[in-house]
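A quick write-up on the structure given underneath.
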Amino acid sequence: MIKDYRRYLSGLLIAGLASASALVAAPAASEISRIKLVNNNHVPQKILVCSAYNTQRFVKDLFNVIKHINESENLSGNDLIKLHIISGSGDPLSNLGVPLDVAKKYAEVNPNFSSSDIWLQDCMEICSVVLKDGSKAPAVFDSNRGRGLARLPRILADLWNIAYFKNPSNYQEHGDYGGNLEVTPFDDIMVAGTTITGPCKKFFEDNGYKNRMFLCDTDWLQVGHIDEYLSFIPTPFAPGGYTIVRADTGLALDLIKNAPDSEFDKISSYDKSFLLKVKRLLNEQMKDPAAGKGTEEGNFIELNQNINEIIEENVGKLKEYIKNTTKDYNRDIEEVFWPSLYEGRGTNPGGCHAYLPGVVNLLVIRDHLIVPATHIPAFDVAIEARLKAQGNNVHFIDDSPYHSSMGEIHCGTNALRDPERSIISARQVKAVQEVRNRFQQIHLDK
């Protein structure tokens with residue numbers, strides 16, 4: 001038994017992993033074939049969040065969005081989405097501002113655990129296992145982060161009767177957190193940041209993701225998570241069925257350069273003053289590219305321009321990796337560019353984090369996108385215009401408690417998703433592509 005446990009900790013092979021998971025009631029360890037991460041296209045069942053003293057307003061806003069999604073789409077039964085609250089302060093249900101029966105319909109409080117640690121994405125990756133008969137079942141990967149939420153992954157596994165796995169790495173590094181472990185819809189390619197530890201990387205390679213894992217550069221970020229500049233949104237008209245949403249600092253700088261001063265009225269006075277300086281300098285640089293060199297705002301502009309090159313290069317490499325791995329070499333992978341800005345030291349990217357709330361660090365619930373509010377109207381318009389065109393509903397929420405600690409909405413939430421059910425089916429994607437191809441062919445023939 002000790003030997004099996006050590007083999008599990010080392011993450012050497014699935015047999016060892018299964019032996020260490022034998023205590024989990026369901027599914028049986030002998031039935032497990034591999035780990036499979038769930039993605040934003042899987043049907044959400046529960047959205048997890050912590051109601052601490054500083055997040056109660058955020059939790060209330062998130063509850064209202066979830067309530068709206070349930071009611072506007074007439075969701076019921078297995079489709080109903082519940083907010084699963086970890087209590088850290090007071091009575092979370094009474095703080096939602098609705099009658100108790102309404103609160104209980106769309107929200108629940110974890111009965112076995114409480115904490116004021118708000119980083120629900122950091123402590124685990126709620127995923128699935130593929131069973132030997134080909135079916136899938138929910139599971140949880142404990143990132144072995146420690147701190148306030150250390151016991152939560154195991155408690156959820158027991159509460160929900162799902163498989164439990166633990167990160168073999170004891171380094172407690174940011175790179176092994178759930179925000180750094182993503183997967184593409186449909187083609188099941190794991191996308192992690194270069195900050196992932198060797199033991200954690202090997203664990204996933206040995207348990208389903210060998211030759212199906214791409215590492216994006218996250219060393220330039222202080223937290224070092226891929227969700228700080230990359231996300232995936234299910235999209236029926238996109239080849240492959242999803243869109244890569246990526247941070248674009250160039251777009252953000254262009255929007256600032258052309259925005260009226262009133263655009264910045266709803267942000268803090270310090271940020272408003274600084275961004276107005278950035279705006280003036282950007283316009284000066286139209287005539288003199290060397291203007292403002294060495295100033296605080298000049299360094300900020302140059303830093304973000306350099307960051308954009310890193311993001312562009314990494315997304316380009318990711319797209320090539322997807323094409324080569326899926327052997328769909330001619331696939332035109334859709335990208336959406338969202339305005340984002342980062343701050344750091346000097347002009348060389350290092351120790352960086354989001355300057356304004358990082359909009360790509362979002363939560364996907366069915367075809368609804370829960371996005372950090374930047375409080376700059378031009379940014380919101382740029383985001384909504386493209387996403388509404390492809391059928392998504394966008395909800396902006398003030399996530400100040402997270403942003404002020406170098407995180408955003410995705411970092412502070414988690415989701416239990418049904419690994420057997422999808423929002424968009426492969427058949428739908430194929431049908432849409434056939435229509436698009438026929439349309440293009442008709443116009444080419446003309």
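Residue numbers start at 1 in each chain; chains themselves are named A, B, ... in the order of the structure tokens; ligands are numbered from 1 in the order shown.
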Give me, as CSV, each residue of stretch 333-384 of chain A that comes within 12 Å of stretch 214-220 of chain A, together with its shortest interatomic pair and the distance in Å at one decimal, counting only C-alpha atoms, with rows ordered by chain and rising residue number.
residue,atom,partner,partner_atom,distance
A:Tyr342,CA,A:Trp220,CA,10.8
A:Glu343,CA,A:Trp220,CA,11.0
A:Gly344,CA,A:Trp220,CA,9.3
A:Arg345,CA,A:Trp220,CA,10.7
A:Thr347,CA,A:Trp220,CA,11.7
A:Asn348,CA,A:Trp220,CA,8.9
A:Pro349,CA,A:Trp220,CA,5.5
A:Gly350,CA,A:Trp220,CA,4.2
A:Gly351,CA,A:Trp220,CA,5.8
A:Cys352,CA,A:Trp220,CA,6.2
A:His353,CA,A:Trp220,CA,9.0
A:Ala354,CA,A:Trp220,CA,11.9
Would you mind exporting C-alpha atoms of the selected residues as a tab-separated table (two decimals), in the first residue's frame?
chain	number	residue	atom	x	y	z
A	342	TYR	CA	-0.30	45.15	-18.15
A	343	GLU	CA	2.07	46.80	-15.74
A	344	GLY	CA	5.53	45.71	-14.68
A	345	ARG	CA	9.07	46.92	-14.23
A	347	THR	CA	10.07	48.09	-20.59
A	348	ASN	CA	11.17	44.44	-20.53
A	349	PRO	CA	8.29	42.09	-19.65
A	350	GLY	CA	8.86	40.50	-16.25
A	351	GLY	CA	6.82	40.34	-13.05
A	352	CYS	CA	3.82	41.70	-14.97
A	353	HIS	CA	0.15	41.67	-14.09
A	354	ALA	CA	-3.04	43.25	-15.43
Taking 2 positions as the minimum chain separation for residues in the same chain, which residues sit within 9 Å of A:Leu281 when counting only C-alpha atoms? Answer as a PDB file with C-alpha atoms, in the first residue's frame.
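Saved to result_13.pdb:
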ATOM      1  CA  LYS A 257      -5.401  57.028 -28.019  1.00  0.00           C
ATOM      2  CA  LEU A 276      -4.736  60.617 -19.894  1.00  0.00           C
ATOM      3  CA  LYS A 277      -0.938  61.056 -19.935  1.00  0.00           C
ATOM      4  CA  VAL A 278      -0.665  57.826 -21.904  1.00  0.00           C
ATOM      5  CA  LYS A 279      -3.303  59.100 -24.334  1.00  0.00           C
ATOM      6  CA  ASN A 283      -0.910  61.009 -29.996  1.00  0.00           C
ATOM      7  CA  GLU A 284       2.464  62.770 -29.748  1.00  0.00           C
ATOM      8  CA  GLN A 285       4.165  59.591 -30.937  1.00  0.00           C
ATOM      9  CA  MET A 286       2.122  59.751 -34.123  1.00  0.00           C
ATOM     10  CA  ALA A 291       8.478  61.197 -27.788  1.00  0.00           C
ATOM     11  CA  GLY A 292       8.243  60.385 -24.085  1.00  0.00           C
ATOM     12  CA  GLU A 297       4.000  56.634 -19.482  1.00  0.00           C
ATOM     13  CA  GLY A 298       6.564  56.060 -22.230  1.00  0.00           C
ATOM     14  CA  ILE A 301       3.552  52.036 -23.688  1.00  0.00           C
TER      15      ILE A 301
END
Stretch 292-431 of chain A: which residues are strand (DSSP E) by DSSP, as number ranges by chain?
A: 334-339, 342-343, 353-354, 363-365, 368-372, 393-397, 414-422
Residues just named, written with N, CA and C atoms as a compact mmCIF listing (two decimals), in the first residue's frame:
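Saved file again-v9.txt follows:
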# COMPACT_ATOMS: atom_id res chain seq x y z
N GLU A 334 -10.08 30.51 -35.37
CA GLU A 334 -10.62 31.83 -35.07
C GLU A 334 -9.92 32.45 -33.85
N GLU A 335 -9.68 33.76 -33.93
CA GLU A 335 -9.14 34.53 -32.81
C GLU A 335 -10.03 35.74 -32.55
N VAL A 336 -10.18 36.09 -31.28
CA VAL A 336 -10.82 37.33 -30.89
C VAL A 336 -9.82 38.11 -30.06
N PHE A 337 -9.68 39.40 -30.38
CA PHE A 337 -8.70 40.25 -29.71
C PHE A 337 -9.42 41.16 -28.72
N TRP A 338 -9.06 41.06 -27.45
CA TRP A 338 -9.71 41.88 -26.43
C TRP A 338 -8.71 42.86 -25.83
N PRO A 339 -9.15 44.10 -25.61
CA PRO A 339 -8.23 45.14 -25.10
C PRO A 339 -7.75 44.83 -23.68
N TYR A 342 -1.06 45.74 -19.25
CA TYR A 342 -0.30 45.15 -18.15
C TYR A 342 0.66 46.18 -17.58
N GLU A 343 1.03 45.98 -16.33
CA GLU A 343 2.07 46.80 -15.74
C GLU A 343 3.18 45.91 -15.21
N HIS A 353 1.51 42.05 -14.37
CA HIS A 353 0.15 41.67 -14.09
C HIS A 353 -0.78 42.70 -14.72
N ALA A 354 -2.08 42.38 -14.75
CA ALA A 354 -3.04 43.25 -15.43
C ALA A 354 -3.10 44.62 -14.77
N LEU A 363 -15.26 33.95 -17.03
CA LEU A 363 -16.00 32.73 -16.73
C LEU A 363 -17.02 32.50 -17.84
N VAL A 364 -17.04 31.28 -18.37
CA VAL A 364 -17.98 30.91 -19.43
C VAL A 364 -19.07 30.03 -18.84
N ILE A 365 -20.32 30.47 -18.97
CA ILE A 365 -21.48 29.70 -18.52
C ILE A 365 -22.42 29.54 -19.71
N HIS A 368 -22.96 32.35 -22.23
CA HIS A 368 -22.81 33.60 -21.51
C HIS A 368 -21.38 33.76 -21.03
N LEU A 369 -20.86 34.98 -21.16
CA LEU A 369 -19.50 35.27 -20.75
C LEU A 369 -19.55 36.26 -19.59
N ILE A 370 -18.97 35.88 -18.45
CA ILE A 370 -18.92 36.75 -17.28
C ILE A 370 -17.54 37.40 -17.29
N VAL A 371 -17.50 38.70 -17.56
CA VAL A 371 -16.26 39.40 -17.89
C VAL A 371 -15.96 40.48 -16.85
N PRO A 372 -14.70 40.61 -16.42
CA PRO A 372 -14.34 41.70 -15.50
C PRO A 372 -14.62 43.06 -16.12
N ASN A 393 -23.65 36.14 -25.01
CA ASN A 393 -24.18 37.18 -24.15
C ASN A 393 -23.08 37.58 -23.18
N VAL A 394 -22.82 38.87 -23.05
CA VAL A 394 -21.73 39.35 -22.22
C VAL A 394 -22.29 40.05 -20.98
N HIS A 395 -21.76 39.68 -19.81
CA HIS A 395 -22.14 40.30 -18.55
C HIS A 395 -20.87 40.83 -17.88
N PHE A 396 -20.82 42.13 -17.65
CA PHE A 396 -19.66 42.73 -17.00
C PHE A 396 -19.91 42.83 -15.49
N ILE A 397 -18.95 42.34 -14.71
CA ILE A 397 -19.06 42.39 -13.25
C ILE A 397 -17.80 43.03 -12.67
N ASN A 414 -14.76 28.62 -9.94
CA ASN A 414 -14.50 27.32 -10.53
C ASN A 414 -15.82 26.77 -11.00
N ALA A 415 -15.80 25.69 -11.76
CA ALA A 415 -17.04 25.16 -12.30
C ALA A 415 -17.03 23.64 -12.34
N LEU A 416 -18.10 23.05 -11.86
CA LEU A 416 -18.35 21.63 -12.06
C LEU A 416 -19.17 21.51 -13.33
N ARG A 417 -18.62 20.81 -14.31
CA ARG A 417 -19.29 20.67 -15.61
C ARG A 417 -19.54 19.19 -15.89
N ASP A 418 -20.60 18.92 -16.62
CA ASP A 418 -20.96 17.55 -16.99
C ASP A 418 -20.06 17.11 -18.15
N PRO A 419 -19.16 16.15 -17.93
CA PRO A 419 -18.23 15.76 -18.99
C PRO A 419 -18.88 15.00 -20.14
N GLU A 420 -20.12 14.59 -19.95
CA GLU A 420 -20.82 13.84 -21.00
C GLU A 420 -21.73 14.71 -21.87
N ARG A 421 -21.91 15.97 -21.49
CA ARG A 421 -22.83 16.82 -22.25
C ARG A 421 -22.15 18.12 -22.67
N SER A 422 -22.45 18.55 -23.89
CA SER A 422 -21.83 19.75 -24.44
C SER A 422 -22.89 20.76 -24.85
- Item | Exercise: stretch 229-244 of chain A partners within 9 Å, only C-alpha atoms, chain neighbours under 4 positions left out, as a PyMOL selection string | chain A and resi 39-41+182-187+225+248+311+315+331-337+340+358-362+364+366-367+369+390-392+423-426+428-430+432-433+436
message = Residues near stretch 192-196 of chain A, anyone? I mean within 12 Å using only C-alpha atoms, not counting same-chain ones fewer than 4 positions away, as a ChimeraX atom specification.
response = /A:37,143,167,169,171-184,200-205,209,212-231,314,318
I need the residues of stretch 221-370 of chain A that end up classed as alpha helix (DSSP H) by DSSP on the backbone, written out as a PyMOL selection string. chain A and resi 249-258+269-284+296-326
Dump of C-alpha atoms for the selected residues, as a PDB file, in the first residue's frame:
ATOM      1  CA  THR A 249      -2.406  45.441 -25.731  1.00  0.00           C
ATOM      2  CA  GLY A 250      -2.106  47.096 -29.139  1.00  0.00           C
ATOM      3  CA  LEU A 251      -5.882  47.312 -29.415  1.00  0.00           C
ATOM      4  CA  ALA A 252      -6.088  48.730 -25.877  1.00  0.00           C
ATOM      5  CA  LEU A 253      -3.533  51.431 -26.657  1.00  0.00           C
ATOM      6  CA  ASP A 254      -5.368  52.344 -29.877  1.00  0.00           C
ATOM      7  CA  LEU A 255      -8.671  52.637 -28.013  1.00  0.00           C
ATOM      8  CA  ILE A 256      -7.064  54.868 -25.391  1.00  0.00           C
ATOM      9  CA  LYS A 257      -5.401  57.028 -28.019  1.00  0.00           C
ATOM     10  CA  ASN A 258      -8.709  57.719 -29.769  1.00  0.00           C
ATOM     11  CA  SER A 269      -8.468  59.271 -10.151  1.00  0.00           C
ATOM     12  CA  TYR A 270      -4.904  57.927 -10.219  1.00  0.00           C
ATOM     13  CA  ASP A 271      -5.578  55.622 -13.170  1.00  0.00           C
ATOM     14  CA  LYS A 272      -7.504  58.362 -14.958  1.00  0.00           C
ATOM     15  CA  SER A 273      -4.646  60.831 -14.580  1.00  0.00           C
ATOM     16  CA  PHE A 274      -2.094  58.282 -15.768  1.00  0.00           C
ATOM     17  CA  LEU A 275      -4.112  57.046 -18.748  1.00  0.00           C
ATOM     18  CA  LEU A 276      -4.736  60.617 -19.894  1.00  0.00           C
ATOM     19  CA  LYS A 277      -0.938  61.056 -19.935  1.00  0.00           C
ATOM     20  CA  VAL A 278      -0.665  57.826 -21.904  1.00  0.00           C
ATOM     21  CA  LYS A 279      -3.303  59.100 -24.334  1.00  0.00           C
ATOM     22  CA  ARG A 280      -1.486  62.393 -24.905  1.00  0.00           C
ATOM     23  CA  LEU A 281       1.834  60.626 -25.445  1.00  0.00           C
ATOM     24  CA  LEU A 282       0.343  58.122 -27.885  1.00  0.00           C
ATOM     25  CA  ASN A 283      -0.910  61.009 -29.996  1.00  0.00           C
ATOM     26  CA  GLU A 284       2.464  62.770 -29.748  1.00  0.00           C
ATOM     27  CA  GLU A 296       6.681  56.515 -16.813  1.00  0.00           C
ATOM     28  CA  GLU A 297       4.000  56.634 -19.482  1.00  0.00           C
ATOM     29  CA  GLY A 298       6.564  56.060 -22.230  1.00  0.00           C
ATOM     30  CA  ASN A 299       7.870  52.937 -20.490  1.00  0.00           C
ATOM     31  CA  PHE A 300       4.296  51.745 -19.968  1.00  0.00           C
ATOM     32  CA  ILE A 301       3.552  52.036 -23.688  1.00  0.00           C
ATOM     33  CA  GLU A 302       6.771  50.290 -24.694  1.00  0.00           C
ATOM     34  CA  LEU A 303       6.245  47.512 -22.142  1.00  0.00           C
ATOM     35  CA  ASN A 304       2.775  46.770 -23.485  1.00  0.00           C
ATOM     36  CA  GLN A 305       4.016  46.821 -27.072  1.00  0.00           C
ATOM     37  CA  ASN A 306       6.663  44.259 -26.123  1.00  0.00           C
ATOM     38  CA  ILE A 307       4.080  42.138 -24.320  1.00  0.00           C
ATOM     39  CA  ASN A 308       1.909  42.103 -27.418  1.00  0.00           C
ATOM     40  CA  GLU A 309       4.774  40.562 -29.384  1.00  0.00           C
ATOM     41  CA  ILE A 310       5.096  37.788 -26.798  1.00  0.00           C
ATOM     42  CA  ILE A 311       1.372  37.056 -26.901  1.00  0.00           C
ATOM     43  CA  GLU A 312       1.228  37.103 -30.706  1.00  0.00           C
ATOM     44  CA  GLU A 313       4.187  34.754 -30.972  1.00  0.00           C
ATOM     45  CA  ASN A 314       2.769  32.286 -28.454  1.00  0.00           C
ATOM     46  CA  VAL A 315      -0.743  32.246 -29.917  1.00  0.00           C
ATOM     47  CA  GLY A 316       0.786  31.686 -33.352  1.00  0.00           C
ATOM     48  CA  LYS A 317       2.787  28.719 -32.074  1.00  0.00           C
ATOM     49  CA  LEU A 318      -0.285  27.359 -30.283  1.00  0.00           C
ATOM     50  CA  LYS A 319      -2.338  27.484 -33.482  1.00  0.00           C
ATOM     51  CA  GLU A 320       0.368  25.595 -35.371  1.00  0.00           C
ATOM     52  CA  TYR A 321       0.531  23.014 -32.582  1.00  0.00           C
ATOM     53  CA  ILE A 322      -3.243  22.513 -32.757  1.00  0.00           C
ATOM     54  CA  LYS A 323      -3.128  22.055 -36.521  1.00  0.00           C
ATOM     55  CA  ASN A 324      -0.245  19.583 -36.351  1.00  0.00           C
ATOM     56  CA  THR A 325      -1.693  17.609 -33.452  1.00  0.00           C
ATOM     57  CA  THR A 326      -5.155  17.322 -35.011  1.00  0.00           C
TER      58      THR A 326
END
Counting only C-alpha atoms, which residues in stretch 103-138 of chain A sit no more than 8 Å from stretch 44-60 of chain A? For each one, give the nearest pair of atoms and the distance in Å, sorted by chain then residue number, as a Markdown table.
| residue | atom | partner | partner_atom | distance |
| --- | --- | --- | --- | --- |
| A:Ser115 | CA | A:Cys50 | CA | 7.5 |
| A:Ser116 | CA | A:Ala52 | CA | 5.1 |
| A:Asp117 | CA | A:Cys50 | CA | 7.1 |
| A:Ile118 | CA | A:Cys50 | CA | 5.2 |
| A:Trp119 | CA | A:Cys50 | CA | 7.8 |
| A:Leu120 | CA | A:Val49 | CA | 6.4 |
### Query
With distances taken over only C-alpha atoms, which of A:Asn144, A:Glu408, A:Ala107, A:Lys132 is nearest to A:Val65?
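Closest to A:Val65 of all the choices is A:Ala107.
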Here atom CA of A:Ala28 and atom CA of A:Ile81 stand apart by 27.1 Å
I want to know what sits within 7 Å of A:Leu80, based on only C-alpha atoms, with residues of the same chain fewer than 3 positions away left out; could you give that as a ChimeraX atom specification?
/A:45,70,75-77
